[in-house]
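**Student:** Contents of upload06.cif (mmCIF, N, CA and C atoms) are given next:
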```cif
data_work
loop_
_atom_site.group_PDB
_atom_site.id
_atom_site.type_symbol
_atom_site.label_atom_id
_atom_site.label_comp_id
_atom_site.auth_asym_id
_atom_site.auth_seq_id
_atom_site.Cartn_x
_atom_site.Cartn_y
_atom_site.Cartn_z
ATOM 1 N N MET V 1 0.824 -1.186 0.000
ATOM 2 C CA MET V 1 0.000 0.000 0.000
ATOM 3 C C MET V 1 0.874 1.259 0.000
ATOM 4 N N ILE V 2 1.962 1.224 0.740
ATOM 5 C CA ILE V 2 2.840 2.388 0.806
ATOM 6 C C ILE V 2 3.393 2.720 -0.574
ATOM 7 N N GLU V 3 3.757 1.698 -1.323
ATOM 8 C CA GLU V 3 4.286 1.920 -2.668
ATOM 9 C C GLU V 3 3.248 2.601 -3.560
ATOM 10 N N LYS V 4 2.005 2.153 -3.468
ATOM 11 C CA LYS V 4 0.936 2.745 -4.278
ATOM 12 C C LYS V 4 0.718 4.205 -3.911
ATOM 13 N N LEU V 5 0.737 4.516 -2.619
ATOM 14 C CA LEU V 5 0.565 5.906 -2.188
ATOM 15 C C LEU V 5 1.707 6.787 -2.690
ATOM 16 N N GLU V 6 2.930 6.262 -2.649
ATOM 17 C CA GLU V 6 4.076 7.014 -3.155
ATOM 18 C C GLU V 6 3.956 7.249 -4.661
ATOM 19 N N GLU V 7 3.452 6.265 -5.385
ATOM 20 C CA GLU V 7 3.241 6.410 -6.827
ATOM 21 C C GLU V 7 2.220 7.509 -7.116
ATOM 22 N N ILE V 8 1.156 7.551 -6.348
ATOM 23 C CA ILE V 8 0.128 8.589 -6.531
ATOM 24 C C ILE V 8 0.720 9.963 -6.268
ATOM 25 N N LYS V 9 1.549 10.091 -5.243
ATOM 26 C CA LYS V 9 2.211 11.366 -4.944
ATOM 27 C C LYS V 9 3.062 11.813 -6.129
ATOM 28 N N ARG V 10 3.877 10.891 -6.648
ATOM 29 C CA ARG V 10 4.755 11.228 -7.772
ATOM 30 C C ARG V 10 3.946 11.654 -8.993
ATOM 31 N N GLU V 11 2.906 10.898 -9.314
ATOM 32 C CA GLU V 11 2.108 11.190 -10.509
ATOM 33 C C GLU V 11 1.350 12.507 -10.394
ATOM 34 N N SER V 12 0.928 12.862 -9.187
ATOM 35 C CA SER V 12 0.149 14.091 -9.004
ATOM 36 C C SER V 12 1.039 15.321 -8.944
ATOM 37 N N GLY V 13 2.322 15.128 -8.593
ATOM 38 C CA GLY V 13 3.212 16.265 -8.456
ATOM 39 C C GLY V 13 2.919 17.098 -7.217
ATOM 40 N N ARG V 14 2.185 16.547 -6.290
ATOM 41 C CA ARG V 14 1.807 17.261 -5.064
ATOM 42 C C ARG V 14 2.285 16.486 -3.850
ATOM 43 N N ASP V 15 2.393 17.213 -2.748
ATOM 44 C CA ASP V 15 2.729 16.575 -1.478
ATOM 45 C C ASP V 15 1.418 16.146 -0.810
ATOM 46 N N ILE V 16 0.982 14.948 -1.143
ATOM 47 C CA ILE V 16 -0.274 14.423 -0.619
ATOM 48 C C ILE V 16 0.009 13.695 0.685
ATOM 49 N N LYS V 17 -0.707 14.074 1.720
ATOM 50 C CA LYS V 17 -0.546 13.400 3.004
ATOM 51 C C LYS V 17 -1.672 12.384 3.146
ATOM 52 N N THR V 18 -1.301 11.173 3.464
ATOM 53 C CA THR V 18 -2.290 10.109 3.592
ATOM 54 C C THR V 18 -2.064 9.331 4.875
ATOM 55 N N LYS V 19 -3.121 8.678 5.297
ATOM 56 C CA LYS V 19 -3.046 7.754 6.427
ATOM 57 C C LYS V 19 -4.040 6.650 6.120
ATOM 58 N N TYR V 20 -3.651 5.449 6.384
ATOM 59 C CA TYR V 20 -4.570 4.341 6.188
ATOM 60 C C TYR V 20 -4.595 3.500 7.451
ATOM 61 N N ILE V 21 -5.739 2.897 7.681
ATOM 62 C CA ILE V 21 -5.945 2.033 8.831
ATOM 63 C C ILE V 21 -6.530 0.731 8.298
ATOM 64 N N VAL V 22 -5.898 -0.358 8.604
ATOM 65 C CA VAL V 22 -6.372 -1.661 8.147
ATOM 66 C C VAL V 22 -7.341 -2.206 9.191
ATOM 67 N N ALA V 23 -8.528 -2.601 8.732
ATOM 68 C CA ALA V 23 -9.542 -3.143 9.640
ATOM 69 C C ALA V 23 -10.367 -4.188 8.895
ATOM 70 N N ASP V 24 -10.703 -5.263 9.574
ATOM 71 C CA ASP V 24 -11.563 -6.297 9.000
ATOM 72 C C ASP V 24 -12.988 -6.027 9.473
ATOM 73 N N PHE V 25 -13.753 -5.317 8.656
ATOM 74 C CA PHE V 25 -15.099 -4.911 9.053
ATOM 75 C C PHE V 25 -16.027 -6.095 9.282
ATOM 76 N N SER V 26 -15.730 -7.225 8.678
ATOM 77 C CA SER V 26 -16.597 -8.386 8.888
ATOM 78 C C SER V 26 -16.484 -8.917 10.310
ATOM 79 N N GLU V 27 -15.402 -8.581 11.006
ATOM 80 C CA GLU V 27 -15.188 -9.031 12.374
ATOM 81 C C GLU V 27 -15.570 -7.972 13.411
ATOM 82 N N MET V 28 -15.789 -6.747 12.974
ATOM 83 C CA MET V 28 -16.071 -5.639 13.895
ATOM 84 C C MET V 28 -17.583 -5.509 14.068
ATOM 85 N N THR V 29 -18.084 -5.868 15.249
ATOM 86 C CA THR V 29 -19.533 -5.895 15.451
ATOM 87 C C THR V 29 -20.003 -4.964 16.568
ATOM 88 N N LYS V 30 -19.082 -4.338 17.275
ATOM 89 C CA LYS V 30 -19.456 -3.454 18.382
ATOM 90 C C LYS V 30 -18.967 -2.044 18.097
ATOM 91 N N TYR V 31 -19.725 -1.069 18.578
ATOM 92 C CA TYR V 31 -19.339 0.333 18.367
ATOM 93 C C TYR V 31 -17.929 0.601 18.888
ATOM 94 N N ALA V 32 -17.569 0.002 20.009
ATOM 95 C CA ALA V 32 -16.239 0.207 20.591
ATOM 96 C C ALA V 32 -15.126 -0.200 19.620
ATOM 97 N N ASP V 33 -15.399 -1.158 18.744
ATOM 98 C CA ASP V 33 -14.412 -1.562 17.742
ATOM 99 C C ASP V 33 -14.062 -0.400 16.815
ATOM 100 N N TYR V 34 -15.011 0.470 16.586
ATOM 101 C CA TYR V 34 -14.842 1.577 15.650
ATOM 102 C C TYR V 34 -14.230 2.812 16.304
ATOM 103 N N GLU V 35 -14.306 2.889 17.608
ATOM 104 C CA GLU V 35 -13.684 4.009 18.309
ATOM 105 C C GLU V 35 -12.172 4.016 18.095
ATOM 106 N N TYR V 36 -11.596 2.835 17.883
ATOM 107 C CA TYR V 36 -10.164 2.726 17.579
ATOM 108 C C TYR V 36 -9.833 3.522 16.318
ATOM 109 N N ILE V 37 -10.643 3.388 15.292
ATOM 110 C CA ILE V 37 -10.407 4.107 14.033
ATOM 111 C C ILE V 37 -10.467 5.606 14.265
ATOM 112 N N ALA V 38 -11.482 6.056 14.975
ATOM 113 C CA ALA V 38 -11.629 7.483 15.252
ATOM 114 C C ALA V 38 -10.444 8.001 16.068
ATOM 115 N N GLU V 39 -9.974 7.223 17.013
ATOM 116 C CA GLU V 39 -8.825 7.623 17.834
ATOM 117 C C GLU V 39 -7.567 7.757 16.988
ATOM 118 N N GLU V 40 -7.381 6.841 16.035
ATOM 119 C CA GLU V 40 -6.224 6.900 15.143
ATOM 120 C C GLU V 40 -6.244 8.163 14.278
ATOM 121 N N LEU V 41 -7.431 8.692 14.005
ATOM 122 C CA LEU V 41 -7.569 9.862 13.135
ATOM 123 C C LEU V 41 -7.763 11.164 13.916
ATOM 124 N N LYS V 42 -7.763 11.068 15.234
ATOM 125 C CA LYS V 42 -7.974 12.247 16.082
ATOM 126 C C LYS V 42 -6.912 13.308 15.787
ATOM 127 N N GLY V 43 -7.367 14.537 15.621
ATOM 128 C CA GLY V 43 -6.470 15.651 15.366
ATOM 129 C C GLY V 43 -6.038 15.790 13.922
ATOM 130 N N ILE V 44 -6.529 14.937 13.049
ATOM 131 C CA ILE V 44 -6.189 15.005 11.627
ATOM 132 C C ILE V 44 -7.368 15.595 10.874
ATOM 133 N N ASP V 45 -7.094 16.571 10.019
ATOM 134 C CA ASP V 45 -8.133 17.151 9.181
ATOM 135 C C ASP V 45 -8.401 16.180 8.039
ATOM 136 N N VAL V 46 -9.492 15.443 8.142
ATOM 137 C CA VAL V 46 -9.814 14.415 7.149
ATOM 138 C C VAL V 46 -10.510 15.081 5.967
ATOM 139 N N GLY V 47 -9.868 15.002 4.809
ATOM 140 C CA GLY V 47 -10.436 15.577 3.603
ATOM 141 C C GLY V 47 -11.346 14.604 2.869
ATOM 142 N N MET V 48 -11.115 13.315 3.077
ATOM 143 C CA MET V 48 -11.939 12.300 2.423
ATOM 144 C C MET V 48 -11.987 11.063 3.313
ATOM 145 N N LEU V 49 -13.168 10.541 3.484
ATOM 146 C CA LEU V 49 -13.358 9.317 4.234
ATOM 147 C C LEU V 49 -14.188 8.388 3.372
ATOM 148 N N VAL V 50 -13.620 7.257 3.006
ATOM 149 C CA VAL V 50 -14.314 6.301 2.151
ATOM 150 C C VAL V 50 -14.883 5.197 3.033
ATOM 151 N N LEU V 51 -16.190 5.044 3.005
ATOM 152 C CA LEU V 51 -16.875 4.009 3.773
ATOM 153 C C LEU V 51 -17.416 2.986 2.785
ATOM 154 N N ASN V 52 -16.565 2.027 2.444
ATOM 155 C CA ASN V 52 -16.942 1.082 1.413
ATOM 156 C C ASN V 52 -16.338 -0.283 1.725
ATOM 157 N N ALA V 53 -17.178 -1.265 1.774
ATOM 158 C CA ALA V 53 -16.716 -2.650 1.919
ATOM 159 C C ALA V 53 -17.841 -3.543 1.410
ATOM 160 N N GLY V 54 -17.495 -4.724 1.017
ATOM 161 C CA GLY V 54 -18.521 -5.631 0.539
ATOM 162 C C GLY V 54 -18.141 -7.071 0.800
ATOM 163 N N TRP V 55 -19.146 -7.868 1.021
ATOM 164 C CA TRP V 55 -18.953 -9.294 1.236
ATOM 165 C C TRP V 55 -20.272 -9.973 0.916
ATOM 166 N N ALA V 56 -20.225 -11.041 0.182
ATOM 167 C CA ALA V 56 -21.462 -11.732 -0.162
ATOM 168 C C ALA V 56 -21.191 -13.206 -0.424
ATOM 169 N N VAL V 57 -22.211 -13.986 -0.233
ATOM 170 C CA VAL V 57 -22.200 -15.402 -0.584
ATOM 171 C C VAL V 57 -23.160 -15.548 -1.753
ATOM 172 N N MET V 58 -22.685 -16.148 -2.807
ATOM 173 C CA MET V 58 -23.535 -16.315 -3.970
ATOM 174 C C MET V 58 -24.449 -17.521 -3.772
ATOM 175 N N GLY V 59 -25.675 -17.387 -4.207
ATOM 176 C CA GLY V 59 -26.628 -18.482 -4.100
ATOM 177 C C GLY V 59 -27.968 -17.987 -3.598
ATOM 178 N N HIS V 60 -28.879 -18.899 -3.436
ATOM 179 C CA HIS V 60 -30.218 -18.558 -2.981
ATOM 180 C C HIS V 60 -30.212 -18.185 -1.501
ATOM 181 N N PHE V 61 -30.949 -17.142 -1.175
ATOM 182 C CA PHE V 61 -30.985 -16.635 0.197
ATOM 183 C C PHE V 61 -31.425 -17.700 1.194
ATOM 184 N N GLN V 62 -32.375 -18.510 0.811
ATOM 185 C CA GLN V 62 -32.916 -19.499 1.758
ATOM 186 C C GLN V 62 -31.891 -20.546 2.201
ATOM 187 N N ILE V 63 -30.789 -20.693 1.471
ATOM 188 C CA ILE V 63 -29.786 -21.682 1.878
ATOM 189 C C ILE V 63 -28.603 -21.052 2.621
ATOM 190 N N LEU V 64 -28.622 -19.734 2.784
ATOM 191 C CA LEU V 64 -27.537 -19.085 3.517
ATOM 192 C C LEU V 64 -27.576 -19.467 4.983
ATOM 193 N N GLU V 65 -26.413 -19.640 5.552
ATOM 194 C CA GLU V 65 -26.294 -19.900 6.979
ATOM 195 C C GLU V 65 -26.442 -18.577 7.735
ATOM 196 N N PRO V 66 -26.989 -18.607 8.951
ATOM 197 C CA PRO V 66 -27.133 -17.366 9.718
ATOM 198 C C PRO V 66 -25.824 -16.587 9.879
ATOM 199 N N VAL V 67 -24.712 -17.278 10.051
ATOM 200 C CA VAL V 67 -23.433 -16.587 10.195
ATOM 201 C C VAL V 67 -23.054 -15.861 8.903
ATOM 202 N N GLU V 68 -23.428 -16.388 7.756
ATOM 203 C CA GLU V 68 -23.161 -15.719 6.481
ATOM 204 C C GLU V 68 -23.992 -14.446 6.350
ATOM 205 N N ILE V 69 -25.230 -14.510 6.786
ATOM 206 C CA ILE V 69 -26.086 -13.320 6.757
ATOM 207 C C ILE V 69 -25.542 -12.266 7.716
ATOM 208 N N GLN V 70 -25.138 -12.688 8.903
ATOM 209 C CA GLN V 70 -24.594 -11.755 9.893
ATOM 210 C C GLN V 70 -23.333 -11.068 9.369
ATOM 211 N N THR V 71 -22.452 -11.824 8.749
ATOM 212 C CA THR V 71 -21.227 -11.243 8.197
ATOM 213 C C THR V 71 -21.540 -10.251 7.096
ATOM 214 N N MET V 72 -22.501 -10.583 6.249
ATOM 215 C CA MET V 72 -22.894 -9.695 5.162
ATOM 216 C C MET V 72 -23.453 -8.379 5.709
ATOM 217 N N ILE V 73 -24.334 -8.447 6.698
ATOM 218 C CA ILE V 73 -24.930 -7.242 7.285
ATOM 219 C C ILE V 73 -23.871 -6.417 8.007
ATOM 220 N N ASN V 74 -23.004 -7.076 8.777
ATOM 221 C CA ASN V 74 -21.937 -6.356 9.487
ATOM 222 C C ASN V 74 -21.057 -5.595 8.510
ATOM 223 N N THR V 75 -20.666 -6.258 7.439
ATOM 224 C CA THR V 75 -19.723 -5.670 6.499
ATOM 225 C C THR V 75 -20.354 -4.562 5.670
ATOM 226 N N GLU V 76 -21.559 -4.760 5.197
ATOM 227 C CA GLU V 76 -22.146 -3.820 4.242
ATOM 228 C C GLU V 76 -23.003 -2.725 4.867
ATOM 229 N N ALA V 77 -23.546 -2.940 6.053
ATOM 230 C CA ALA V 77 -24.448 -1.950 6.633
ATOM 231 C C ALA V 77 -23.946 -1.379 7.956
ATOM 232 N N LEU V 78 -23.478 -2.231 8.838
ATOM 233 C CA LEU V 78 -23.086 -1.788 10.167
ATOM 234 C C LEU V 78 -21.837 -0.912 10.140
ATOM 235 N N HIS V 79 -20.857 -1.287 9.354
ATOM 236 C CA HIS V 79 -19.591 -0.556 9.405
ATOM 237 C C HIS V 79 -19.690 0.891 8.948
ATOM 238 N N PRO V 80 -20.428 1.245 7.906
ATOM 239 C CA PRO V 80 -20.501 2.670 7.564
ATOM 240 C C PRO V 80 -21.157 3.505 8.663
ATOM 241 N N VAL V 81 -22.178 2.963 9.300
ATOM 242 C CA VAL V 81 -22.897 3.687 10.353
ATOM 243 C C VAL V 81 -21.999 3.883 11.570
ATOM 244 N N TYR V 82 -21.379 2.819 12.042
ATOM 245 C CA TYR V 82 -20.519 2.915 13.225
ATOM 246 C C TYR V 82 -19.267 3.760 12.950
ATOM 247 N N THR V 83 -18.675 3.634 11.779
ATOM 248 C CA THR V 83 -17.487 4.431 11.464
ATOM 249 C C THR V 83 -17.836 5.916 11.444
ATOM 250 N N LEU V 84 -18.916 6.256 10.773
ATOM 251 C CA LEU V 84 -19.336 7.655 10.709
ATOM 252 C C LEU V 84 -19.658 8.195 12.100
ATOM 253 N N LYS V 85 -20.386 7.440 12.900
ATOM 254 C CA LYS V 85 -20.729 7.873 14.256
ATOM 255 C C LYS V 85 -19.467 8.116 15.082
ATOM 256 N N ALA V 86 -18.524 7.181 15.002
ATOM 257 C CA ALA V 86 -17.273 7.338 15.757
ATOM 258 C C ALA V 86 -16.483 8.557 15.293
ATOM 259 N N MET V 87 -16.487 8.801 13.994
ATOM 260 C CA MET V 87 -15.745 9.951 13.452
ATOM 261 C C MET V 87 -16.380 11.279 13.866
ATOM 262 N N LEU V 88 -17.682 11.302 14.023
ATOM 263 C CA LEU V 88 -18.375 12.539 14.383
ATOM 264 C C LEU V 88 -18.395 12.797 15.895
ATOM 265 N N SER V 89 -18.019 11.811 16.675
ATOM 266 C CA SER V 89 -18.047 11.962 18.138
ATOM 267 C C SER V 89 -16.845 12.730 18.626
#
```
Starting from the file, lay out its structure as structure tokens.
**Tutor:**
Amino acid sequence: MIEKLEEIKRESGRDIKTKYIVADFSEMTKYADYEYIAEELKGIDVGMLVLNAGWAVMGHFQILEPVEIQTMINTEALHPVYTLKAMLS
């Protein structure tokens, strides 16, 4: 990831400041999990925040296991809400 960020800096000709935080949103199910992200960004003027993740199991809904549904909901719906709430607190 660092190499890609350096490439973007070179191509843009600007001194772009970036920070990234690696998180597995499929495993983060409590609001407290997201406070870590907000703490890492505390005091930084965030110009862009991307709230995007996806996870799905292909097939008919009726055959999905409950844990697959839970992971899908956590990843696609819960994480944007909790991340935004933590960032605004």
**Student:** Write down as a ChimeraX atom specification the residues belonging to stretch 2-86 of chain V that are assigned alpha helix (DSSP H) by DSSP computed on the backbone.
**Tutor:** /V:2-12,31-40,66-73,79-86
**Student:** For this file, the PyMOL selection byres ((chain V and resi 38) around 8) selects which residues, as a list in words?
**Tutor:** Asp33, Tyr34, Glu35, Tyr36, Ile37, Glu39, Glu40, Leu41, Lys42, Gly43, Thr83, Lys85, Ala86, Met87, Leu88 and Ser89 of chain V
**Student:** Give me, as a list in words, all polymer residues having an atom no more than 6 Å from stretch 62-72 of chain V, counting all atoms listed in the file and skipping those fewer than 6 positions away in the same chain.
**Tutor:** Ser26, Trp55 and Ala56 of chain V
**Student:** (-2.9, 2.5, 4.9) in this file's frame - what residues fall within 7 Å of it? Use only C-alpha atoms and give the answer as a PyMOL selection string.
**Tutor:** chain V and resi 1+19-22
**Student:** Please measure the separation of atom N of V:Ile73 and atom CA of V:Met48, giving the value in Å to one decimal.
**Tutor:** 24.5 Å
**Student:** Return as a count of residues only the set of residues that the PyMOL selection byres (((chain V and resi 28 and name CA) around 10) and name CA) yields on the displayed structure.
**Tutor:** 17
**Student:** Given the block above, output stretch 28-62 of chain V with C-alpha atoms as a JSON list (two decimals), in the first residue's frame.
**Tutor:**
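In the end it all went to out_23.json:
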```json
[["chain", "number", "residue", "atom", "x", "y", "z"],
["V", 28, "MET", "CA", -16.07, -5.64, 13.89],
["V", 29, "THR", "CA", -19.53, -5.89, 15.45],
["V", 30, "LYS", "CA", -19.46, -3.45, 18.38],
["V", 31, "TYR", "CA", -19.34, 0.33, 18.37],
["V", 32, "ALA", "CA", -16.24, 0.21, 20.59],
["V", 33, "ASP", "CA", -14.41, -1.56, 17.74],
["V", 34, "TYR", "CA", -14.84, 1.58, 15.65],
["V", 35, "GLU", "CA", -13.68, 4.01, 18.31],
["V", 36, "TYR", "CA", -10.16, 2.73, 17.58],
["V", 37, "ILE", "CA", -10.41, 4.11, 14.03],
["V", 38, "ALA", "CA", -11.63, 7.48, 15.25],
["V", 39, "GLU", "CA", -8.82, 7.62, 17.83],
["V", 40, "GLU", "CA", -6.22, 6.90, 15.14],
["V", 41, "LEU", "CA", -7.57, 9.86, 13.13],
["V", 42, "LYS", "CA", -7.97, 12.25, 16.08],
["V", 43, "GLY", "CA", -6.47, 15.65, 15.37],
["V", 44, "ILE", "CA", -6.19, 15.00, 11.63],
["V", 45, "ASP", "CA", -8.13, 17.15, 9.18],
["V", 46, "VAL", "CA", -9.81, 14.42, 7.15],
["V", 47, "GLY", "CA", -10.44, 15.58, 3.60],
["V", 48, "MET", "CA", -11.94, 12.30, 2.42],
["V", 49, "LEU", "CA", -13.36, 9.32, 4.23],
["V", 50, "VAL", "CA", -14.31, 6.30, 2.15],
["V", 51, "LEU", "CA", -16.88, 4.01, 3.77],
["V", 52, "ASN", "CA", -16.94, 1.08, 1.41],
["V", 53, "ALA", "CA", -16.72, -2.65, 1.92],
["V", 54, "GLY", "CA", -18.52, -5.63, 0.54],
["V", 55, "TRP", "CA", -18.95, -9.29, 1.24],
["V", 56, "ALA", "CA", -21.46, -11.73, -0.16],
["V", 57, "VAL", "CA", -22.20, -15.40, -0.58],
["V", 58, "MET", "CA", -23.54, -16.31, -3.97],
["V", 59, "GLY", "CA", -26.63, -18.48, -4.10],
["V", 60, "HIS", "CA", -30.22, -18.56, -2.98],
["V", 61, "PHE", "CA", -30.99, -16.64, 0.20],
["V", 62, "GLN", "CA", -32.92, -19.50, 1.76]]
```
